[in-house]
file query-v4.txt (compact mmCIF, C-alpha atoms and all ligand atoms)
# COMPACT_ATOMS: atom_id res chain seq x y z
CA MET A 1 269.31 -18.23 178.22
CA THR A 2 272.37 -16.90 176.46
CA SER A 3 272.69 -13.16 176.11
CA VAL A 4 274.37 -11.79 173.01
CA THR A 5 275.82 -8.27 173.04
CA ARG A 6 277.39 -6.51 170.10
CA ASP A 7 279.98 -3.71 170.19
CA VAL A 8 282.92 -2.24 168.30
CA PHE A 9 286.29 -3.96 168.81
CA GLY A 10 288.46 -1.73 166.63
CA LYS A 11 289.17 -0.39 163.17
CA LEU A 12 291.26 -1.93 160.41
CA PRO A 13 293.93 0.25 158.77
CA ASP A 14 291.55 0.68 155.79
CA GLY A 15 288.86 2.12 158.11
CA ARG A 16 286.52 -0.89 158.23
CA THR A 17 285.04 -1.68 161.63
CA VAL A 18 285.76 -4.91 163.47
CA GLU A 19 282.88 -5.89 165.74
CA LYS A 20 282.90 -8.00 168.90
CA PHE A 21 280.16 -10.30 170.13
CA LEU A 22 279.90 -11.37 173.74
CA LEU A 23 277.95 -14.59 174.31
CA GLU A 24 277.12 -15.16 177.99
CA SER A 25 275.47 -18.10 179.73
CA ASN A 26 275.54 -18.98 183.43
CA PHE A 27 278.61 -21.14 182.78
CA VAL A 28 280.64 -19.57 179.98
CA LYS A 29 281.39 -16.11 178.59
CA VAL A 30 282.95 -16.00 175.16
CA GLN A 31 283.94 -13.05 173.00
CA ILE A 32 284.34 -13.44 169.24
CA ILE A 33 285.36 -10.74 166.75
CA SER A 34 284.45 -10.35 163.08
CA PHE A 35 288.13 -10.26 162.04
CA GLY A 36 289.19 -13.88 161.48
CA CYS A 37 286.16 -15.11 163.53
CA ILE A 38 288.67 -14.99 166.39
CA ILE A 39 287.76 -16.10 169.91
CA THR A 40 289.50 -13.34 171.87
CA CYS A 41 288.34 -14.35 175.35
CA LEU A 42 286.68 -17.41 176.87
CA GLU A 43 285.84 -17.47 180.55
CA ALA A 44 284.87 -20.73 182.23
CA LYS A 45 284.15 -21.52 185.89
CA ASP A 46 286.45 -23.44 188.20
CA ARG A 47 285.06 -25.83 190.83
CA HIS A 48 284.38 -22.88 193.19
CA GLY A 49 282.41 -21.01 190.52
CA ASN A 50 285.13 -18.45 189.68
CA PHE A 51 285.37 -17.35 186.06
CA THR A 52 288.83 -17.24 184.43
CA ASP A 53 289.85 -16.50 180.86
CA ILE A 54 291.33 -19.75 179.53
CA VAL A 55 292.39 -18.77 175.98
CA LEU A 56 295.53 -16.97 174.81
CA GLY A 57 295.23 -13.76 172.82
CA PHE A 58 295.64 -10.00 172.78
CA ASP A 59 293.95 -7.05 174.48
CA ASN A 60 293.27 -5.19 171.26
CA LEU A 61 292.97 -5.49 167.49
CA GLU A 62 296.55 -4.41 166.86
CA GLY A 63 297.83 -7.64 168.43
CA TYR A 64 295.77 -9.68 165.99
CA LEU A 65 296.89 -7.60 162.99
CA ASN A 66 300.55 -8.27 163.77
CA LYS A 67 302.17 -11.65 163.11
CA HIS A 68 300.98 -14.21 165.65
CA PRO A 69 300.41 -17.98 165.66
CA TYR A 70 296.68 -17.94 164.79
CA PHE A 71 295.41 -17.32 168.36
CA GLY A 72 291.68 -18.19 168.48
CA ALA A 73 291.15 -17.86 164.73
CA VAL A 74 289.16 -19.77 162.17
CA ILE A 75 291.59 -21.32 159.70
CA GLY A 76 290.86 -21.80 156.00
CA ARG A 77 290.53 -22.40 153.13
CA VAL A 78 292.72 -25.36 154.19
CA ALA A 79 294.00 -25.69 157.75
CA ASN A 80 297.33 -27.49 158.30
CA ARG A 81 300.09 -28.30 155.82
CA ILE A 82 299.94 -29.07 152.10
CA ALA A 83 303.20 -30.61 150.84
CA ASN A 84 305.14 -28.09 148.74
CA GLY A 85 301.87 -26.14 148.40
CA LYS A 86 300.93 -28.31 145.43
CA PHE A 87 297.91 -30.34 144.43
CA SER A 88 296.04 -31.22 141.26
CA ILE A 89 292.39 -31.57 140.39
CA ASP A 90 291.27 -33.25 137.15
CA GLY A 91 294.76 -32.95 135.65
CA GLN A 92 295.12 -29.26 136.50
CA ASP A 93 298.02 -28.32 138.80
CA TYR A 94 297.69 -25.69 141.51
CA GLN A 95 300.50 -23.91 143.36
CA LEU A 96 299.78 -22.25 146.71
CA PRO A 97 301.95 -19.68 148.50
CA ILE A 98 304.73 -21.35 150.53
CA ASN A 99 304.69 -20.09 154.11
CA ASN A 100 305.97 -22.93 156.31
CA GLY A 101 309.37 -24.36 155.31
CA PRO A 102 308.77 -25.85 151.86
CA ASN A 103 305.02 -26.21 152.52
CA SER A 104 301.82 -24.19 152.55
CA ILE A 105 300.04 -23.84 155.91
CA HIS A 106 296.72 -22.53 157.21
CA GLY A 107 295.26 -21.08 154.00
CA GLY A 108 298.30 -19.12 152.82
CA LEU A 109 299.57 -15.59 153.31
CA LYS A 110 296.14 -14.12 153.92
CA GLY A 111 293.96 -16.95 155.13
CA PHE A 112 290.47 -16.79 156.64
CA ASP A 113 292.08 -15.78 159.96
CA LYS A 114 293.10 -12.43 158.41
CA VAL A 115 289.90 -11.36 156.64
CA LEU A 116 286.90 -9.40 157.83
CA TRP A 117 283.76 -11.54 158.04
CA LYS A 118 280.19 -10.29 157.85
CA PRO A 119 278.43 -10.89 161.17
CA MET A 120 274.79 -11.58 161.91
CA GLU A 121 273.31 -11.95 165.40
CA ILE A 122 271.30 -15.13 165.84
CA GLU A 123 269.57 -16.82 168.77
CA ASN A 124 272.27 -17.80 171.36
CA GLY A 125 275.08 -16.70 169.10
CA VAL A 126 276.53 -15.14 166.00
CA GLN A 127 276.95 -16.24 162.41
CA PHE A 128 279.80 -14.96 160.23
CA SER A 129 279.89 -15.21 156.45
CA TYR A 130 282.63 -14.66 153.90
CA MET A 131 282.90 -14.94 150.13
CA SER A 132 286.31 -16.25 149.11
CA ALA A 133 286.99 -15.29 145.50
CA ASP A 134 287.92 -17.81 142.80
CA GLY A 135 291.72 -18.01 142.89
CA GLU A 136 292.10 -16.42 146.35
CA GLU A 137 295.41 -17.61 147.84
CA GLY A 138 295.72 -19.95 144.86
CA TYR A 139 292.59 -22.03 145.56
CA PRO A 140 290.07 -22.80 142.80
CA GLY A 141 286.40 -21.80 142.86
CA GLU A 142 284.38 -19.10 144.52
CA LEU A 143 283.69 -20.38 148.02
CA GLU A 144 280.89 -19.07 150.18
CA VAL A 145 281.55 -19.82 153.87
CA TRP A 146 279.46 -19.56 157.04
CA VAL A 147 280.86 -20.02 160.55
CA THR A 148 278.30 -20.12 163.35
CA TYR A 149 279.11 -19.88 167.05
CA THR A 150 276.35 -20.75 169.51
CA LEU A 151 276.55 -21.00 173.28
CA VAL A 152 273.97 -23.01 175.21
CA GLY A 153 274.63 -23.62 178.90
CA SER A 154 278.16 -24.98 179.22
CA GLU A 155 278.61 -25.80 175.54
CA LEU A 156 280.08 -23.74 172.72
CA THR A 157 279.23 -25.11 169.27
CA ILE A 158 281.07 -24.09 166.11
CA ASN A 159 279.45 -25.03 162.81
CA TYR A 160 281.21 -24.57 159.48
CA LYS A 161 279.31 -24.57 156.19
CA ALA A 162 280.52 -23.87 152.66
CA ARG A 163 279.55 -24.13 149.01
CA THR A 164 281.85 -23.85 146.02
CA SER A 165 281.59 -23.04 142.30
CA LYS A 166 284.52 -25.37 141.37
CA THR A 167 286.04 -28.43 143.06
CA THR A 168 288.33 -27.23 145.85
CA PRO A 169 290.07 -28.64 148.90
CA ILE A 170 288.60 -27.33 152.14
CA ASN A 171 289.50 -27.88 155.80
CA LEU A 172 288.10 -25.43 158.34
CA THR A 173 288.95 -25.40 162.04
CA ASN A 174 289.34 -23.12 165.04
CA HIS A 175 292.84 -22.54 166.38
CA SER A 176 292.18 -21.60 170.03
CA TYR A 177 295.07 -22.01 172.47
CA PHE A 178 293.72 -23.21 175.83
CA ASN A 179 295.25 -23.23 179.28
CA LEU A 180 292.66 -24.46 181.78
CA ALA A 181 294.63 -22.90 184.66
CA GLY A 182 294.00 -19.52 183.05
CA GLN A 183 295.68 -17.79 180.13
CA GLY A 184 299.16 -16.56 181.06
CA SER A 185 299.88 -19.61 183.25
CA GLU A 186 303.34 -20.93 182.63
CA ASN A 187 302.65 -24.36 181.19
CA ILE A 188 300.10 -27.13 180.73
CA TYR A 189 302.13 -29.87 182.45
CA ASP A 190 299.50 -30.28 185.20
CA HIS A 191 296.75 -31.01 182.66
CA GLU A 192 295.55 -34.53 181.97
CA ILE A 193 294.41 -35.47 178.45
CA SER A 194 292.77 -38.30 176.59
CA ILE A 195 292.11 -38.47 172.84
CA ASP A 196 289.75 -41.01 171.28
CA ALA A 197 292.05 -42.28 168.57
CA GLU A 198 293.36 -45.78 167.83
CA HIS A 199 295.64 -44.39 165.11
CA TYR A 200 297.83 -41.36 164.41
CA LEU A 201 299.71 -40.01 161.40
CA PRO A 202 303.53 -40.13 161.58
CA ILE A 203 305.22 -37.12 159.97
CA GLU A 204 308.43 -36.51 158.02
CA ASP A 205 310.95 -33.79 158.86
CA THR A 206 308.91 -30.92 157.32
CA MET A 207 305.89 -32.19 159.30
CA ILE A 208 303.96 -33.60 156.32
CA PRO A 209 302.35 -36.99 157.10
CA THR A 210 304.32 -39.87 155.60
CA GLY A 211 301.05 -41.41 154.41
CA GLU A 212 301.11 -44.27 156.92
CA VAL A 213 298.30 -44.64 159.45
CA LEU A 214 299.87 -46.23 162.51
CA PRO A 215 298.32 -47.72 165.65
CA VAL A 216 298.88 -45.65 168.81
CA GLN A 217 299.28 -48.87 170.81
CA GLY A 218 302.70 -49.04 172.46
CA THR A 219 303.67 -45.45 171.46
CA CYS A 220 303.67 -42.04 173.16
CA PHE A 221 300.61 -41.28 171.02
CA ASP A 222 298.46 -43.69 172.98
CA LEU A 223 296.21 -41.20 174.76
CA ARG A 224 293.16 -43.46 174.89
CA LYS A 225 293.39 -43.42 178.67
CA PRO A 226 294.11 -40.11 180.48
CA VAL A 227 297.80 -39.21 180.80
CA ASP A 228 299.62 -36.32 182.49
CA LEU A 229 300.74 -33.88 179.85
CA GLY A 230 304.04 -33.00 181.53
CA SER A 231 305.37 -36.55 181.54
CA GLN A 232 303.77 -37.44 178.20
CA ILE A 233 305.25 -34.45 176.31
CA ALA A 234 308.67 -35.57 177.58
CA LYS A 235 308.19 -38.90 175.77
CA VAL A 236 307.59 -37.32 172.34
CA LYS A 237 310.58 -37.06 170.02
CA GLY A 238 311.16 -33.36 169.24
CA ASN A 239 309.38 -30.45 170.88
CA GLY A 240 306.08 -31.93 171.95
CA PHE A 241 302.81 -32.95 170.31
CA ASP A 242 302.04 -31.53 166.86
CA HIS A 243 300.32 -34.50 165.27
CA ASN A 244 297.08 -35.57 163.71
CA PHE A 245 295.11 -38.18 165.60
CA CYS A 246 292.69 -40.27 163.52
CA LEU A 247 289.49 -40.20 165.54
CA ASN A 248 287.40 -43.29 166.18
CA ILE A 249 284.39 -42.59 164.00
CA THR A 250 281.49 -44.19 165.76
CA ASP A 251 278.84 -41.89 164.35
CA LYS A 252 278.58 -38.58 162.44
CA GLN A 253 279.11 -36.88 165.83
CA HIS A 254 281.84 -38.59 167.83
CA SER A 255 284.02 -38.05 170.82
CA CYS A 256 287.38 -36.32 170.24
CA ALA A 257 289.21 -35.42 173.46
CA LYS A 258 288.92 -34.65 177.15
CA VAL A 259 291.25 -32.41 179.13
CA TYR A 260 291.15 -32.17 182.93
CA HIS A 261 292.95 -29.63 185.08
CA GLN A 262 292.91 -31.02 188.60
CA PRO A 263 293.95 -27.86 190.53
CA SER A 264 291.03 -25.79 189.18
CA GLY A 265 288.66 -28.67 188.46
CA ARG A 266 288.07 -27.41 184.89
CA VAL A 267 287.25 -29.98 182.24
CA LEU A 268 287.13 -29.41 178.49
CA THR A 269 285.36 -32.10 176.49
CA VAL A 270 285.44 -31.95 172.70
CA ARG A 271 283.13 -33.74 170.26
CA THR A 272 283.18 -33.32 166.51
CA THR A 273 282.00 -34.50 163.11
CA GLN A 274 285.57 -34.24 161.76
CA PRO A 275 287.75 -37.31 161.04
CA GLY A 276 290.85 -35.97 162.80
CA VAL A 277 292.30 -33.63 165.37
CA GLN A 278 295.66 -31.85 165.32
CA PHE A 279 296.86 -31.96 168.92
CA TYR A 280 299.43 -29.18 169.29
CA THR A 281 301.17 -28.34 172.57
CA ALA A 282 302.24 -24.82 171.53
CA ASN A 283 305.80 -25.99 170.88
CA PHE A 284 306.67 -22.89 168.85
CA LEU A 285 305.60 -20.30 171.43
CA ASP A 286 308.72 -18.65 172.82
CA GLY A 287 307.57 -15.95 175.23
CA SER A 288 308.18 -13.13 172.75
CA LEU A 289 304.54 -12.06 172.31
CA LYS A 290 302.85 -9.63 174.68
CA GLY A 291 299.52 -11.19 175.48
CA LYS A 292 296.38 -10.22 177.39
CA GLY A 293 296.98 -8.31 180.61
CA GLY A 294 300.74 -8.30 179.92
CA ALA A 295 300.95 -12.11 179.91
CA VAL A 296 303.85 -13.81 178.17
CA TYR A 297 303.35 -17.13 176.46
CA PRO A 298 306.30 -19.52 176.69
CA LYS A 299 306.63 -22.90 174.98
CA HIS A 300 304.00 -25.40 176.23
CA SER A 301 301.90 -22.66 177.88
CA ALA A 302 298.80 -23.83 175.97
CA PHE A 303 297.33 -26.65 173.92
CA CYS A 304 295.23 -26.65 170.74
CA LEU A 305 292.73 -29.30 169.72
CA GLU A 306 292.14 -28.46 166.06
CA SER A 307 289.43 -30.82 164.87
CA GLN A 308 289.82 -31.14 161.11
CA ALA A 309 290.48 -33.27 158.03
CA TRP A 310 293.77 -35.17 157.95
CA PRO A 311 296.72 -32.98 156.87
CA ASP A 312 297.79 -33.14 153.22
CA ALA A 313 294.69 -35.23 152.43
CA VAL A 314 294.63 -33.40 149.11
CA ASN A 315 297.77 -35.34 148.08
CA LYS A 316 296.94 -38.61 149.86
CA PRO A 317 294.09 -40.50 148.18
CA GLN A 318 294.16 -43.10 150.99
CA PHE A 319 293.09 -40.39 153.53
CA PRO A 320 289.43 -39.31 153.95
CA THR A 321 288.76 -36.79 151.16
CA SER A 322 289.02 -33.05 151.78
CA PHE A 323 287.55 -32.05 148.40
CA LEU A 324 284.31 -30.13 148.12
CA TYR A 325 282.42 -30.41 144.84
CA PRO A 326 280.03 -27.88 143.27
CA GLY A 327 276.47 -28.64 144.38
CA ASP A 328 277.61 -30.32 147.62
CA ASP A 329 277.47 -28.79 151.09
CA TYR A 330 280.47 -28.70 153.41
CA ASP A 331 279.00 -29.06 156.90
CA GLN A 332 281.16 -29.78 159.95
CA THR A 333 280.58 -29.13 163.64
CA THR A 334 282.72 -29.17 166.77
CA TRP A 335 281.37 -28.93 170.32
CA PHE A 336 283.47 -27.57 173.21
CA ASN A 337 281.96 -28.39 176.58
CA PHE A 338 283.24 -26.73 179.77
CA SER A 339 282.49 -28.41 183.10
CA VAL A 340 284.11 -29.08 186.47
CA GLN A 341 285.10 -32.26 188.22
C1 LIG B 1 300.50 -26.52 163.52
C2 LIG B 1 301.79 -26.08 164.18
C3 LIG B 1 301.93 -24.59 163.98
C4 LIG B 1 300.70 -23.90 164.57
C5 LIG B 1 300.74 -22.42 164.37
C6 LIG B 1 299.37 -25.78 164.16
O1 LIG B 1 298.17 -26.13 163.53
O2 LIG B 1 300.32 -27.89 163.60
O3 LIG B 1 302.89 -26.74 163.63
O4 LIG B 1 303.09 -24.11 164.58
O5 LIG B 1 299.55 -24.40 163.97
O6 LIG B 1 300.92 -22.12 163.03

call {"tool": "encode", "arguments": {"input": "query-v4.txt", "output": "structure tokens", "more": "lines below"}}
Ligand code: BGC
result
Amino acid sequence: MTSVTRDVFGKLPDGRTVEKFLLESNFVKVQIISFGCIITCLEAKDRHGNFTDIVLGFDNLEGYLNKHPYFGAVIGRVANRIANGKFSIDGQDYQLPINNGPNSIHGGLKGFDKVLWKPMEIENGVQFSYMSADGEEGYPGELEVWVTYTLVGSELTINYKARTSKTTPINLTNHSYFNLAGQGSENIYDHEISIDAEHYLPIEDTMIPTGEVLPVQGTCFDLRKPVDLGSQIAKVKGNGFDHNFCLNITDKQHSCAKVYHQPSGRVLTVRTTQPGVQFYTANFLDGSLKGKGGAVYPKHSAFCLESQAWPDAVNKPQFPTSFLYPGDDYDQTTWFNFSVQ
């Protein structure tokens, strides 16, 4: 049985209350807040049964209201980059706010990570809903969105649903930063990872995919068999991994990635219905943020596995579509399983 407890987390500058929900099973304790649907804390057991918080974040709401790199948040309306913030639908051009070099990233200036969601307690979890107005952050159509977190045993499930009044791009994900040694640990070099992808998307210098879909075979992106992150990151040109892997779609629900931390025994296994995953090794963290319990977060002190549509799909007809049409349901799920080995 999962227990769900509800409490106040803080107050927004405009006086609205941000609530927190603690979901507890025998294996995992996870806290999620109604601002940004942010996972603020996730405790998982090591091989001796000791709980440790394995996600980066802040002790209080203020940290999440200040500028930060999307710790634990739900990202939308469109996660990842859109080239020059431009796209067109049925001959109509749209221009989004530019907030990442020449591109638009993670839903714009005030994405779904920075809005207050309406929570509802459900069995084993919590469901958040949000109505995104027609034209919000430049996106067409009124979009109704539901994000549902449920915890059963050792598995946290995140389901994303949406409906729109006009055709719109959509790409929802969760941007948790994990360190299986415990949040605040210096790096993730002693983690081992595998990703179930035969292909990846090469990127140009502003990090937009070139449009090619290349085999991982013979490259540093071949993570089909487990590799040590420390030595593998060193093989990547640039700062580390920040790339979309094209998942092997065997079924609606397919395997995505597995991460093993030998010293603690913790294992994170991810499955999803999404066609891709952005594997990001926290290359832009620089130790300047004050995290939970006074922790500092240097470069490579966490990893993100953001299951999602392929970046810039809206401008790349050869990629799986990221458009949602009126009358259709957007329905995607990702499963995070925490075990020991
Ligand atoms: C992107 C990174 C970015 C990070 C925080 C990730 O999804 O791929 O490039 O730095 O989000 O914005």

call {"tool": "residues_near_ligand", "arguments": {"input": "query-v4.txt", "ligand": "ligand LIG 1 (chain B)", "cutoff": "6 Å", "atoms": "only C-alpha atoms and all ligand atoms", "output": "JSON list (two decimals) with C-alpha atoms, in the coordinates of the input"}}
result
[["chain", "number", "residue", "atom", "x", "y", "z"],
["A", 69, "PRO", "CA", 300.41, -17.98, 165.66],
["A", 80, "ASN", "CA", 297.33, -27.49, 158.30],
["A", 242, "ASP", "CA", 302.04, -31.53, 166.86],
["A", 280, "TYR", "CA", 299.43, -29.18, 169.29],
["A", 284, "PHE", "CA", 306.67, -22.89, 168.85]]

call {"tool": "residues_near_point", "arguments": {"input": "query-v4.txt", "point": "(294.3, -40.5, 181.5)", "cutoff": "12 Å", "atoms": "all atoms listed in the file", "output": "ChimeraX atom specification"}}
result
/A:191-196,222-229,231-232,257-262

call {"tool": "closest_residue", "arguments": {"input": "query-v4.txt", "among": "A:Met1, A:Ile82, A:Val74, A:Leu180", "to": "Val340 in chain A", "atoms": "only C-alpha atoms"}}
result
A:Leu180

call {"tool": "closest_residue", "arguments": {"input": "query-v4.txt", "among": "A:Glu43, A:Asp331, A:Glu123, A:Glu306", "to": "Thr273 in chain A", "atoms": "all atoms listed in the file"}}
result
A:Asp331

call {"tool": "residues_around", "arguments": {"input": "query-v4.txt", "residues": "Tyr160 in chain A", "least_positions_apart": "2", "cutoff": "6 Å", "atoms": "only C-alpha atoms", "output": "MDAnalysis selection string"}}
result
chainID A and resid 146:147 331:332

call {"tool": "closest_residue", "arguments": {"input": "query-v4.txt", "among": "A:Phe21, A:Tyr70, A:Phe87, A:Tyr189", "to": "Tyr177 in chain A", "atoms": "only C-alpha atoms"}}
result
A:Tyr70

call {"tool": "residues_around", "arguments": {"input": "query-v4.txt", "residues": "Arg163 in chain A", "least_positions_apart": "6", "cutoff": "6 Å", "atoms": "all atoms listed in the file", "output": "list in words"}}
result
Leu143, Glu144 and Asp329 of chain A

call {"tool": "residues_around", "arguments": {"input": "query-v4.txt", "residues": "Asn103 in chain A", "least_positions_apart": "4", "cutoff": "10 Å", "atoms": "only C-alpha atoms", "output": "list in words"}}
result
Asn80, Arg81, Ile82, Ala83, Asn84, Gly85, Lys86, Leu96, Pro97, Ile98, Asn99, Gly108, Thr206, Met207 and Ile208 of chain A

call {"tool": "closest_atom_pairs", "arguments": {"input": "query-v4.txt", "of": "range 136-208 of chain A", "to": "range 294-297 of chain A", "cutoff": "9 Å", "atoms": "only C-alpha atoms", "output": "tab-separated table"}}
result
residue	atom	partner	partner_atom	distance
A:Gln183	CA	A:Ala295	CA	7.8
A:Gly184	CA	A:Ala295	CA	4.9
A:Ser185	CA	A:Tyr297	CA	8.0
A:Glu186	CA	A:Tyr297	CA	7.2
A:Asn187	CA	A:Tyr297	CA	8.7

call {"tool": "write_last_selection", "arguments": {"input": "query-v4.txt", "atoms": "C-alpha atoms", "output": "compact mmCIF listing (two decimals), in the coordinates of the input"}}
result
# COMPACT_ATOMS: atom_id res chain seq x y z
CA GLN A 183 295.68 -17.79 180.13
CA GLY A 184 299.16 -16.56 181.06
CA SER A 185 299.88 -19.61 183.25
CA GLU A 186 303.34 -20.93 182.63
CA ASN A 187 302.65 -24.36 181.19

call {"tool": "residues_around", "arguments": {"input": "query-v4.txt", "residues": "Asp286 in chain A", "least_positions_apart": "4", "cutoff": "10 Å", "atoms": "only C-alpha atoms", "output": "ChimeraX atom specification"}}
result
/A:282,296-301

call {"tool": "write_last_selection", "arguments": {"input": "query-v4.txt", "atoms": "C-alpha atoms", "output": "short mmCIF file (atom, residue, chain, number, x, y, z; two decimals), keeping the file's coordinate frame"}}
result
data_model
loop_
_atom_site.label_atom_id
_atom_site.label_comp_id
_atom_site.auth_asym_id
_atom_site.auth_seq_id
_atom_site.Cartn_x
_atom_site.Cartn_y
_atom_site.Cartn_z
CA ALA A 282 302.24 -24.82 171.53
CA VAL A 296 303.85 -13.81 178.17
CA TYR A 297 303.35 -17.13 176.46
CA PRO A 298 306.30 -19.52 176.69
CA LYS A 299 306.63 -22.90 174.98
CA HIS A 300 304.00 -25.40 176.23
CA SER A 301 301.90 -22.66 177.88
#

call {"tool": "residues_around", "arguments": {"input": "query-v4.txt", "residues": "Lys316 in chain A", "least_positions_apart": "3", "cutoff": "12 Å", "atoms": "only C-alpha atoms", "output": "PyMOL selection string"}}
result
chain A and resi 82-83+86-88+201+208-213+309-313+319-323

call {"tool": "atom_distance", "arguments": {"input": "query-v4.txt", "atom1": "CA of Val267 in chain A", "atom2": "CA of Ser339 in chain A"}}
result
5.1 Å
